[in-house]
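S.K.: Structure supplied as final.cif; contents: mmCIF, C-alpha atoms.
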data_data
#
loop_
_atom_site.group_PDB
_atom_site.id
_atom_site.type_symbol
_atom_site.label_atom_id
_atom_site.label_comp_id
_atom_site.auth_asym_id
_atom_site.auth_seq_id
_atom_site.Cartn_x
_atom_site.Cartn_y
_atom_site.Cartn_z
ATOM 1 C CA MET U 1 37.609 3.541 4.013
ATOM 2 C CA LYS U 2 35.778 0.469 5.266
ATOM 3 C CA LYS U 3 34.475 2.423 8.261
ATOM 4 C CA PHE U 4 33.194 5.149 5.931
ATOM 5 C CA VAL U 5 31.288 2.605 3.832
ATOM 6 C CA VAL U 6 29.699 1.093 6.936
ATOM 7 C CA LEU U 7 28.655 4.520 8.213
ATOM 8 C CA THR U 8 27.187 5.348 4.814
ATOM 9 C CA VAL U 9 25.106 2.171 4.780
ATOM 10 C CA LEU U 10 23.917 2.612 8.360
ATOM 11 C CA PHE U 11 23.109 6.306 8.382
ATOM 12 C CA ILE U 12 23.100 8.015 5.014
ATOM 13 C CA LEU U 13 21.218 5.470 2.888
ATOM 14 C CA PRO U 14 18.198 5.318 5.254
ATOM 15 C CA ILE U 15 17.944 9.122 5.104
ATOM 16 C CA VAL U 16 18.115 9.100 1.302
ATOM 17 C CA ALA U 17 15.465 6.357 1.179
ATOM 18 C CA TYR U 18 13.217 8.325 3.510
ATOM 19 C CA LEU U 19 13.512 11.480 1.415
ATOM 20 C CA PHE U 20 12.753 9.507 -1.745
ATOM 21 C CA PHE U 21 9.594 7.935 -0.369
ATOM 22 C CA ALA U 22 8.512 11.157 1.319
ATOM 23 C CA SER U 23 8.713 12.987 -2.004
ATOM 24 C CA GLY U 24 6.709 10.166 -3.577
ATOM 25 C CA VAL U 25 3.911 10.676 -1.059
ATOM 26 C CA ASN U 26 3.847 14.397 -1.783
ATOM 27 C CA ASN U 27 3.833 13.946 -5.566
ATOM 28 C CA PHE U 28 1.662 10.861 -5.921
ATOM 29 C CA GLY U 29 -0.351 10.797 -2.704
ATOM 30 C CA LYS U 30 -3.593 12.006 -4.261
ATOM 31 C CA LEU U 31 -5.729 10.453 -6.946
ATOM 32 C CA PRO U 32 -6.623 13.149 -9.509
ATOM 33 C CA ILE U 33 -10.131 14.593 -9.708
ATOM 34 C CA LEU U 34 -11.404 14.164 -13.261
ATOM 35 C CA THR U 35 -14.987 15.418 -12.831
ATOM 36 C CA ASN U 36 -16.191 17.729 -10.087
ATOM 37 C CA GLY U 37 -19.610 17.363 -8.514
ATOM 38 C CA VAL U 38 -21.279 14.341 -10.115
ATOM 39 C CA ASP U 39 -24.947 13.765 -9.334
ATOM 40 C CA ASP U 40 -25.683 12.086 -6.000
ATOM 41 C CA VAL U 41 -27.266 8.670 -6.309
ATOM 42 C CA ALA U 42 -29.459 9.592 -3.314
ATOM 43 C CA HIS U 43 -31.747 11.452 -5.713
ATOM 44 C CA ILE U 44 -32.136 8.539 -8.139
ATOM 45 C CA GLY U 45 -34.790 5.841 -8.289
ATOM 46 C CA THR U 46 -35.032 3.610 -5.228
ATOM 47 C CA ALA U 47 -31.753 4.789 -3.716
ATOM 48 C CA LYS U 48 -31.370 4.517 0.035
ATOM 49 C CA VAL U 49 -27.687 5.391 -0.132
ATOM 50 C CA SER U 50 -25.641 8.487 -0.884
ATOM 51 C CA PHE U 51 -22.169 9.199 -2.210
ATOM 52 C CA LYS U 52 -21.689 11.914 0.416
ATOM 53 C CA ASP U 53 -18.943 11.068 2.914
ATOM 54 C CA LYS U 54 -18.321 7.682 1.257
ATOM 55 C CA ILE U 55 -15.698 6.294 -1.074
ATOM 56 C CA THR U 56 -17.840 4.600 -3.694
ATOM 57 C CA VAL U 57 -17.281 2.182 -6.542
ATOM 58 C CA VAL U 58 -20.193 2.797 -8.890
ATOM 59 C CA GLY U 59 -21.185 0.566 -11.800
ATOM 60 C CA PHE U 60 -23.924 -0.003 -14.384
ATOM 61 C CA LEU U 61 -25.055 -3.601 -14.786
ATOM 62 C CA GLY U 62 -27.687 -2.972 -17.462
ATOM 63 C CA LYS U 63 -30.813 -4.926 -18.316
ATOM 64 C CA ASN U 64 -29.080 -8.191 -19.150
ATOM 65 C CA LEU U 65 -27.396 -9.135 -15.897
ATOM 66 C CA ASP U 66 -26.406 -12.548 -17.238
ATOM 67 C CA ASN U 67 -23.826 -10.770 -19.389
ATOM 68 C CA LYS U 68 -22.476 -8.834 -16.389
ATOM 69 C CA ALA U 69 -22.391 -11.654 -13.825
ATOM 70 C CA GLY U 70 -18.730 -12.353 -14.553
ATOM 71 C CA ASN U 71 -17.913 -8.672 -14.125
ATOM 72 C CA ALA U 72 -19.695 -8.595 -10.767
ATOM 73 C CA PHE U 73 -17.823 -11.725 -9.657
ATOM 74 C CA ASN U 74 -14.477 -10.151 -10.609
ATOM 75 C CA LEU U 75 -15.296 -6.980 -8.690
ATOM 76 C CA ASN U 76 -16.501 -8.951 -5.707
ATOM 77 C CA GLN U 77 -13.340 -11.039 -5.498
ATOM 78 C CA LYS U 78 -10.669 -8.543 -6.521
ATOM 79 C CA ILE U 79 -11.943 -5.248 -5.115
ATOM 80 C CA TYR U 80 -14.890 -5.582 -2.744
ATOM 81 C CA LYS U 81 -13.463 -8.366 -0.557
ATOM 82 C CA ARG U 82 -10.258 -6.385 -0.050
ATOM 83 C CA PHE U 83 -11.860 -3.125 0.997
ATOM 84 C CA TYR U 84 -15.417 -3.631 2.286
ATOM 85 C CA LYS U 85 -14.319 -3.627 5.931
ATOM 86 C CA PHE U 86 -13.268 0.010 5.626
ATOM 87 C CA LYS U 87 -15.963 2.048 7.336
ATOM 88 C CA ASP U 88 -16.516 4.581 4.554
ATOM 89 C CA PHE U 89 -16.261 2.234 1.560
ATOM 90 C CA GLN U 90 -19.247 1.029 -0.513
ATOM 91 C CA PHE U 91 -20.361 -0.384 -3.855
ATOM 92 C CA VAL U 92 -23.326 1.140 -5.714
ATOM 93 C CA MET U 93 -24.710 -0.540 -8.825
ATOM 94 C CA LEU U 94 -27.329 1.250 -10.919
ATOM 95 C CA VAL U 95 -29.739 -1.125 -12.645
ATOM 96 C CA PRO U 96 -32.910 -0.534 -14.684
ATOM 97 C CA LYS U 97 -36.274 -1.162 -13.087
ATOM 98 C CA GLY U 98 -37.602 -4.602 -13.991
ATOM 99 C CA THR U 99 -34.355 -6.410 -13.165
ATOM 100 C CA GLU U 100 -35.197 -6.938 -9.492
ATOM 101 C CA ASP U 101 -35.390 -10.746 -9.717
ATOM 102 C CA MET U 102 -32.121 -11.000 -11.631
ATOM 103 C CA VAL U 103 -30.403 -8.754 -9.102
ATOM 104 C CA ALA U 104 -31.717 -10.849 -6.200
ATOM 105 C CA SER U 105 -30.298 -13.979 -7.837
ATOM 106 C CA LEU U 106 -26.938 -12.306 -8.466
ATOM 107 C CA GLU U 107 -26.799 -10.954 -4.938
ATOM 108 C CA SER U 108 -27.474 -14.427 -3.570
ATOM 109 C CA GLU U 109 -24.656 -15.939 -5.619
ATOM 110 C CA LEU U 110 -22.163 -13.268 -4.599
ATOM 111 C CA GLY U 111 -23.259 -13.585 -0.975
ATOM 112 C CA HIS U 112 -21.899 -17.130 -0.800
ATOM 113 C CA LEU U 113 -18.412 -15.618 -0.986
ATOM 114 C CA VAL U 114 -18.537 -12.531 1.246
ATOM 115 C CA ASP U 115 -20.792 -10.334 3.392
ATOM 116 C CA MET U 116 -22.826 -8.234 0.942
ATOM 117 C CA LYS U 117 -23.688 -5.407 3.342
ATOM 118 C CA LYS U 118 -21.691 -2.833 1.338
ATOM 119 C CA TRP U 119 -23.152 -3.830 -2.054
ATOM 120 C CA ASN U 120 -26.034 -1.463 -2.904
ATOM 121 C CA PHE U 121 -28.334 -1.903 -5.911
ATOM 122 C CA VAL U 122 -30.303 1.150 -7.068
ATOM 123 C CA PHE U 123 -33.246 0.539 -9.417
ATOM 124 C CA ALA U 124 -33.953 3.487 -11.678
ATOM 125 C CA ASP U 125 -35.767 4.553 -14.837
ATOM 126 C CA ASP U 126 -33.789 4.461 -18.069
ATOM 127 C CA ALA U 127 -33.677 8.256 -18.234
ATOM 128 C CA GLN U 128 -32.404 8.519 -14.658
ATOM 129 C CA ILE U 129 -29.565 6.140 -15.427
ATOM 130 C CA THR U 130 -28.530 7.926 -18.608
ATOM 131 C CA ASP U 131 -28.738 11.343 -16.937
ATOM 132 C CA PHE U 132 -26.635 10.211 -14.017
ATOM 133 C CA PHE U 133 -24.072 8.566 -16.294
ATOM 134 C CA ALA U 134 -23.794 11.800 -18.276
ATOM 135 C CA SER U 135 -22.893 13.660 -15.076
ATOM 136 C CA LEU U 136 -19.681 11.597 -14.851
ATOM 137 C CA LYS U 137 -18.468 13.323 -18.045
ATOM 138 C CA THR U 138 -16.303 10.453 -19.274
ATOM 139 C CA ASP U 139 -15.210 9.194 -22.688
ATOM 140 C CA ILE U 140 -17.105 5.928 -22.044
ATOM 141 C CA SER U 141 -20.618 5.094 -23.275
ATOM 142 C CA LEU U 142 -23.417 2.905 -21.977
ATOM 143 C CA ASP U 143 -24.501 0.063 -24.253
ATOM 144 C CA GLU U 144 -28.025 -0.497 -25.555
ATOM 145 C CA ASN U 145 -28.948 -2.245 -22.283
ATOM 146 C CA LEU U 146 -27.750 0.709 -20.181
ATOM 147 C CA GLY U 147 -24.726 -1.225 -18.975
ATOM 148 C CA THR U 148 -20.955 -0.984 -19.184
ATOM 149 C CA PRO U 149 -18.125 -3.190 -17.933
ATOM 150 C CA TYR U 150 -16.411 -0.059 -16.566
ATOM 151 C CA VAL U 151 -16.721 0.983 -12.930
ATOM 152 C CA PHE U 152 -15.841 4.336 -11.410
ATOM 153 C CA ILE U 153 -14.442 5.725 -8.169
ATOM 154 C CA ILE U 154 -16.422 8.560 -6.545
ATOM 155 C CA ASP U 155 -14.933 10.332 -3.538
ATOM 156 C CA LYS U 156 -16.615 11.659 -0.400
ATOM 157 C CA ASP U 157 -17.263 15.024 -2.031
ATOM 158 C CA LEU U 158 -18.956 13.580 -5.123
ATOM 159 C CA ASN U 159 -15.972 13.921 -7.435
ATOM 160 C CA LEU U 160 -14.957 11.324 -10.010
ATOM 161 C CA ARG U 161 -11.388 10.171 -9.382
ATOM 162 C CA GLY U 162 -9.104 8.489 -11.899
ATOM 163 C CA ARG U 163 -5.793 8.779 -13.727
ATOM 164 C CA GLU U 164 -4.628 11.692 -15.829
ATOM 165 C CA ASN U 165 -1.559 10.011 -17.320
ATOM 166 C CA ASP U 166 -2.285 6.306 -17.473
ATOM 167 C CA GLU U 167 0.318 4.437 -19.497
ATOM 168 C CA ASP U 168 -2.365 2.686 -21.567
ATOM 169 C CA ASP U 169 -5.335 5.048 -21.716
ATOM 170 C CA GLY U 170 -4.045 8.539 -21.034
ATOM 171 C CA THR U 171 -6.941 9.954 -19.036
ATOM 172 C CA LYS U 172 -8.477 6.946 -17.291
ATOM 173 C CA TYR U 173 -12.016 7.567 -16.084
ATOM 174 C CA GLY U 174 -13.033 4.010 -15.263
ATOM 175 C CA PHE U 175 -11.755 0.481 -14.784
ATOM 176 C CA ASP U 176 -12.673 -2.486 -16.969
ATOM 177 C CA SER U 177 -14.205 -5.140 -14.721
ATOM 178 C CA THR U 178 -13.757 -7.816 -17.388
ATOM 179 C CA SER U 179 -9.992 -7.532 -16.845
ATOM 180 C CA VAL U 180 -8.701 -9.130 -13.662
ATOM 181 C CA ALA U 181 -5.268 -7.668 -14.426
ATOM 182 C CA GLU U 182 -6.675 -4.131 -14.557
ATOM 183 C CA LEU U 183 -8.546 -4.597 -11.295
ATOM 184 C CA ASN U 184 -5.455 -6.021 -9.599
ATOM 185 C CA ASN U 185 -2.816 -3.720 -11.048
ATOM 186 C CA LYS U 186 -4.637 -0.406 -11.369
ATOM 187 C CA MET U 187 -7.954 -0.158 -9.579
ATOM 188 C CA GLU U 188 -6.738 -1.761 -6.359
ATOM 189 C CA ASP U 189 -3.789 0.642 -6.256
ATOM 190 C CA ASP U 190 -5.994 3.673 -6.883
ATOM 191 C CA ILE U 191 -8.420 2.733 -4.111
ATOM 192 C CA LYS U 192 -5.480 2.308 -1.743
ATOM 193 C CA ILE U 193 -4.309 5.809 -2.696
ATOM 194 C CA ILE U 194 -7.658 7.461 -2.034
ATOM 195 C CA LEU U 195 -8.120 5.588 1.258
ATOM 196 C CA ALA U 196 -4.638 6.686 2.357
ATOM 197 C CA GLU U 197 -5.414 10.251 1.277
ATOM 198 C CA TYR U 198 -8.410 10.443 3.578
ATOM 199 C CA ARG U 199 -6.581 8.722 6.446
ATOM 200 C CA LEU U 200 -3.741 11.258 6.201
ATOM 201 C CA ALA U 201 -6.226 14.140 6.077
ATOM 202 C CA LEU U 202 -7.978 12.789 9.183
ATOM 203 C CA LYS U 203 -4.689 12.453 11.063
ATOM 204 C CA LYS U 204 -3.739 16.015 10.111
ATOM 205 C CA ASN U 205 -7.099 17.368 11.266
ATOM 206 C CA ASN U 206 -6.792 15.515 14.571
ATOM 207 C CA ALA U 207 -3.241 16.811 15.050
ATOM 208 C CA ASP U 208 -4.332 20.391 14.317
ATOM 209 C CA ARG U 209 -7.134 20.130 16.858
ATOM 210 C CA ALA U 210 -4.718 18.846 19.496
ATOM 211 C CA LYS U 211 -2.439 21.881 19.148
#
Could you write out this file's structure as structure tokens?

M.R.:
Amino acid sequence: MKKFVVLTVLFILPIVAYLFFASGVNNFGKLPILTNGVDDVAHIGTAKVSFKDKITVVGFLGKNLDNKAGNAFNLNQKIYKRFYKFKDFQFVMLVPKGTEDMVASLESELGHLVDMKKWNFVFADDAQITDFFASLKTDISLDENLGTPYVFIIDKDLNLRGRENDEDDGTKYGFDSTSVAELNNKMEDDIKIILAEYRLALKKNNADRAK
């Protein structure tokens, strides 16, 4: 009997554990697409960046950046610093024209903490910002200054990714950057999932080519 227990622990339990985690990858390995084909930021305002072939965190800082500085700091510390070294990862912040000096000041402050090379600020007309935001097709609204504390994940094919069955929000289109807990416990996990999804797809493509 003792020998049977030892054999079970050594051989059977690892197999069961493997099958459990393998099924988890199959069932939960992709972050749901909530909106197909959002507008590309490349066609907006002063943009010198594109969503194509990038995993992008996109946000809307609005006309009063003083009110969003804390949000930007949270994102910088909790999300950007953890992922900016990934080749295909970037931040894109849409801001109204006329906020250039405020953005430069904010960028300088954030730059004391980390390399800002993957932070991109796109200056656009009010109408361009509202039209682009509408293309996300979310249940979230911009405020009177064309800002929101929520940020969004756009994949390499210009699709909005999020959660279909979030325990708090149901369908979760964006992540509240005023909440450190939400950034740590939800957004970080979701970015890890989408990065892993693309890594697995790349490995599969490379394996298929080698056959």

S.K.: Within 12 Å of region 166-169 of chain U, counting all atoms listed in the file, which residues qualify if same-chain residues fewer than 3 places away don't, as a ChimeraX atom specification?

M.R.: /U:31-32,139-140,162-163,172-176,182,185-187,190

S.K.: Okay, now the selection with C-alpha atoms, as a short mmCIF file (atom, residue, chain, number, x, y, z; two decimals), in the coordinates of the input?

M.R.:
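Just written: out_23.cif:
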data_model
loop_
_atom_site.label_atom_id
_atom_site.label_comp_id
_atom_site.auth_asym_id
_atom_site.auth_seq_id
_atom_site.Cartn_x
_atom_site.Cartn_y
_atom_site.Cartn_z
CA LEU U 31 -5.73 10.45 -6.95
CA PRO U 32 -6.62 13.15 -9.51
CA ASP U 139 -15.21 9.19 -22.69
CA ILE U 140 -17.10 5.93 -22.04
CA GLY U 162 -9.10 8.49 -11.90
CA ARG U 163 -5.79 8.78 -13.73
CA LYS U 172 -8.48 6.95 -17.29
CA TYR U 173 -12.02 7.57 -16.08
CA GLY U 174 -13.03 4.01 -15.26
CA PHE U 175 -11.76 0.48 -14.78
CA ASP U 176 -12.67 -2.49 -16.97
CA GLU U 182 -6.68 -4.13 -14.56
CA ASN U 185 -2.82 -3.72 -11.05
CA LYS U 186 -4.64 -0.41 -11.37
CA MET U 187 -7.95 -0.16 -9.58
CA ASP U 190 -5.99 3.67 -6.88
#

S.K.: Which residue gives the smallest distance to Phe51 (chain U) among U:Ala124, U:Leu142, U:Ile153, U:Ala134, with all atoms listed in the file counted?

M.R.: U:Ile153

S.K.: May I ask which of the residues U:Val92, U:Leu158, U:Val122, U:Leu106 is the closest one to Val58 (chain U), counting only C-alpha atoms?

M.R.: U:Val92

S.K.: If I take CA of Leu136 (chain U) and CA of Val38 (chain U), how far is one from the other in Å, to one decimal?

M.R.: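 Computed distance, CA of Leu136 (chain U) to CA of Val38 (chain U), equals 5.7 Å.
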
S.K.: Using only C-alpha atoms, find the one residue out of U:Asn184, U:Thr56, U:Asn76, U:Ser177 that sits nearest to Thr148 (chain U).

M.R.: U:Ser177

S.K.: Give me the result of the PyMOL selection byres ((chain U and resi 46) around 10) on this file, residue by residue, as JSON, numbers by chain.

M.R.: {"U": [41, 42, 43, 44, 45, 47, 48, 49, 94, 97, 121, 122, 123, 124, 125]}

S.K.: Atoms are missing here; could region 127-138 of chain U be completed with all heavy atoms and written as a compact mmCIF listing (two decimals), in the frame of the given file?

M.R.:
# COMPACT_ATOMS: atom_id res chain seq x y z
N ALA U 127 -34.12 6.86 -18.11
CA ALA U 127 -33.68 8.26 -18.23
C ALA U 127 -32.83 8.67 -17.03
O ALA U 127 -31.86 9.43 -17.17
CB ALA U 127 -34.88 9.19 -18.37
N GLN U 128 -33.18 8.19 -15.86
CA GLN U 128 -32.40 8.52 -14.66
C GLN U 128 -30.99 7.96 -14.76
O GLN U 128 -30.02 8.61 -14.35
CB GLN U 128 -33.11 7.98 -13.41
CG GLN U 128 -34.39 8.70 -13.06
CD GLN U 128 -35.10 8.06 -11.88
OE1 GLN U 128 -35.23 6.83 -11.81
NE2 GLN U 128 -35.55 8.88 -10.95
N ILE U 129 -30.89 6.76 -15.29
CA ILE U 129 -29.56 6.14 -15.43
C ILE U 129 -28.71 6.90 -16.44
O ILE U 129 -27.55 7.20 -16.19
CB ILE U 129 -29.70 4.66 -15.82
CG1 ILE U 129 -30.34 3.86 -14.67
CG2 ILE U 129 -28.34 4.06 -16.19
CD1 ILE U 129 -30.65 2.42 -15.01
N THR U 130 -29.30 7.22 -17.58
CA THR U 130 -28.53 7.93 -18.61
C THR U 130 -28.15 9.33 -18.15
O THR U 130 -27.03 9.80 -18.42
CB THR U 130 -29.30 8.00 -19.94
OG1 THR U 130 -30.60 8.58 -19.71
CG2 THR U 130 -29.49 6.61 -20.52
N ASP U 131 -29.05 10.00 -17.43
CA ASP U 131 -28.74 11.34 -16.94
C ASP U 131 -27.62 11.29 -15.90
O ASP U 131 -26.71 12.13 -15.91
CB ASP U 131 -29.98 11.99 -16.32
CG ASP U 131 -31.00 12.42 -17.35
OD1 ASP U 131 -30.66 12.44 -18.55
OD2 ASP U 131 -32.15 12.72 -16.96
N PHE U 132 -27.70 10.32 -15.01
CA PHE U 132 -26.64 10.21 -14.02
C PHE U 132 -25.30 9.88 -14.68
O PHE U 132 -24.27 10.48 -14.35
CB PHE U 132 -26.95 9.14 -12.97
CG PHE U 132 -25.76 8.85 -12.09
CD1 PHE U 132 -25.41 9.74 -11.09
CD2 PHE U 132 -24.98 7.73 -12.31
CE1 PHE U 132 -24.28 9.50 -10.31
CE2 PHE U 132 -23.86 7.49 -11.54
CZ PHE U 132 -23.51 8.37 -10.53
N PHE U 133 -25.32 8.94 -15.62
CA PHE U 133 -24.07 8.57 -16.29
C PHE U 133 -23.46 9.77 -17.00
O PHE U 133 -22.23 9.95 -16.99
CB PHE U 133 -24.33 7.44 -17.29
CG PHE U 133 -23.07 6.89 -17.90
CD1 PHE U 133 -22.31 5.93 -17.24
CD2 PHE U 133 -22.64 7.33 -19.15
CE1 PHE U 133 -21.14 5.43 -17.80
CE2 PHE U 133 -21.47 6.84 -19.71
CZ PHE U 133 -20.72 5.88 -19.04
N ALA U 134 -24.30 10.60 -17.58
CA ALA U 134 -23.79 11.80 -18.28
C ALA U 134 -23.08 12.74 -17.31
O ALA U 134 -22.14 13.44 -17.69
CB ALA U 134 -24.94 12.52 -18.97
N SER U 135 -23.51 12.76 -16.04
CA SER U 135 -22.89 13.66 -15.08
C SER U 135 -21.46 13.27 -14.74
O SER U 135 -20.69 14.08 -14.22
CB SER U 135 -23.73 13.72 -13.78
OG SER U 135 -23.49 12.59 -12.95
N LEU U 136 -21.06 12.02 -15.07
CA LEU U 136 -19.68 11.60 -14.85
C LEU U 136 -18.72 12.25 -15.84
O LEU U 136 -17.53 12.38 -15.56
CB LEU U 136 -19.57 10.07 -14.97
CG LEU U 136 -20.37 9.24 -13.96
CD1 LEU U 136 -20.21 7.75 -14.29
CD2 LEU U 136 -19.92 9.51 -12.54
N LYS U 137 -19.25 12.62 -17.01
CA LYS U 137 -18.47 13.32 -18.05
C LYS U 137 -17.21 12.54 -18.44
O LYS U 137 -16.09 13.04 -18.38
CB LYS U 137 -18.10 14.73 -17.58
CG LYS U 137 -19.31 15.61 -17.30
CD LYS U 137 -18.90 16.98 -16.80
CE LYS U 137 -20.12 17.83 -16.49
NZ LYS U 137 -19.75 19.15 -15.92
N THR U 138 -17.42 11.30 -18.88
CA THR U 138 -16.30 10.45 -19.27
C THR U 138 -16.28 10.28 -20.79
O THR U 138 -17.17 10.75 -21.50
CB THR U 138 -16.43 9.06 -18.62
OG1 THR U 138 -17.46 8.30 -19.28
CG2 THR U 138 -16.75 9.17 -17.15
